[in-house]
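> Got a structure for you, questions after.
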Amino acid sequence: MIRLLIFLLFISFNSNSQNENSYEQTLKKFLDTQGTWKILDIQTDVIFKQFKIDVLLSEEEVNNLRNDMYQDLLKIYKPIYKKHFSLQELIEMTTFFESGIGKKFVDKTPVMMQEVLPETTKWGMSLGVKIQKLIKNKEEDI
């Protein structure tokens with residue numbers, strides 16, 4: 001009886017471990033197909049150039065650092081995605097991003113972000129001025 005119980009626990013643990021690996025691999029593929037790693041690479045390149053990391057470290061060290069970053073982010077993303085999306089939903093979203101329109105969206109997103117950033121910066125500055133005026137008017141009323 002005890003052997004049967006241990007065997008069932010082992011199978012249950014092994015099955016859960018496989019499910020965890022499957023979810024992680026699917027999440028990794030999803031993040032890749034929807035452009036997360038591409039955007040991270042762009043941001044990382046900027047940071048590396050600012051701190052001259054690409055000059056100080058060898059190519060292998062930079063690649064190892066990138067891989068560590070990906071693994072760290074995967075550990076952060078996994079419980080959050082798992083809370084909101086099932087394995088099947090991740091698979092379906094990945095399928096979208098592998099489609100023609102999904103790939104176009106991924107390709108155009110960095111370009112659109114570069115176009116949107118100056119405009120949202122201007123908007124944010126004008127919003128700040130607007131808020132300052134409101135606060136100033138409130139202070140004058142007090």
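Labels used: A, B, ... for chains in the order of the structure tokens, numbers from 1 for residues in each chain, and numbers from 1 for ligands as shown.
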Tell me, as JSON, numbers by chain, which residues lie within 10 Å of region 31-48 of chain A, counting only C-alpha atoms; anything in the same chain fewer than 2 positions away does not count.
{"A": [25, 26, 27, 28, 29, 50, 51, 52, 53, 54, 55, 56, 57, 62, 66, 69, 70, 73, 74, 77, 90, 93, 94, 95, 96, 97, 98, 99, 102, 103, 105, 106, 107, 109, 110]}
> For Ser86 (chain A), work out the shell of residues within 12 Å, counting only C-alpha atoms and skipping chain neighbours fewer than 4 positions away, then give it as a PDB file with C-alpha atoms, in the first residue's frame.

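File out_14.pdb, as written:
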ATOM      1  CA  ASN A  19       3.006  20.690 -16.955  1.00  0.00           C
ATOM      2  CA  GLU A  20       5.175  23.436 -15.444  1.00  0.00           C
ATOM      3  CA  SER A  22       5.231  22.843 -20.831  1.00  0.00           C
ATOM      4  CA  TYR A  23       3.724  26.114 -19.591  1.00  0.00           C
ATOM      5  CA  GLU A  24       7.142  27.741 -19.311  1.00  0.00           C
ATOM      6  CA  THR A  26       4.866  27.844 -24.254  1.00  0.00           C
ATOM      7  CA  LEU A  27       5.205  31.175 -22.432  1.00  0.00           C
ATOM      8  CA  LYS A  78       5.374  33.024 -15.466  1.00  0.00           C
ATOM      9  CA  PRO A  79       3.253  33.315 -12.293  1.00  0.00           C
ATOM     10  CA  ILE A  80       1.579  36.459 -13.608  1.00  0.00           C
ATOM     11  CA  TYR A  81       0.688  34.938 -16.970  1.00  0.00           C
ATOM     12  CA  LYS A  82      -0.337  31.675 -15.301  1.00  0.00           C
ATOM     13  CA  LEU A  90      -1.172  30.970 -24.514  1.00  0.00           C
ATOM     14  CA  ILE A  91      -1.086  28.553 -27.420  1.00  0.00           C
ATOM     15  CA  GLU A  92      -3.941  30.408 -29.142  1.00  0.00           C
ATOM     16  CA  MET A  93      -2.273  33.807 -28.613  1.00  0.00           C
TER      17      MET A  93
END
> So which one's closest to Phe30 (chain A), A:Ser58, A:Thr121, A:Gln132, A:Gln88? Using only C-alpha atoms, please.
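Using only C-alpha atoms, the shortest distance to Phe30 (chain A) belongs to A:Gln88.
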> Between CA of Gly100 (chain A) and CA of Ile76 (chain A), what is the distance, to one decimal in Å?
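Here the two named atoms are 29.1 Å from each other.
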> Tell me, in Å to one decimal, how far CA of Asn137 (chain A) is from CA of Gly124 (chain A).
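So the answer is 19.9 Å.
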> Please, what distance in Å, to one decimal, runs between CA of Glu89 (chain A) and CA of Gln71 (chain A)?
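Distance between the two atoms: 21.8 Å.
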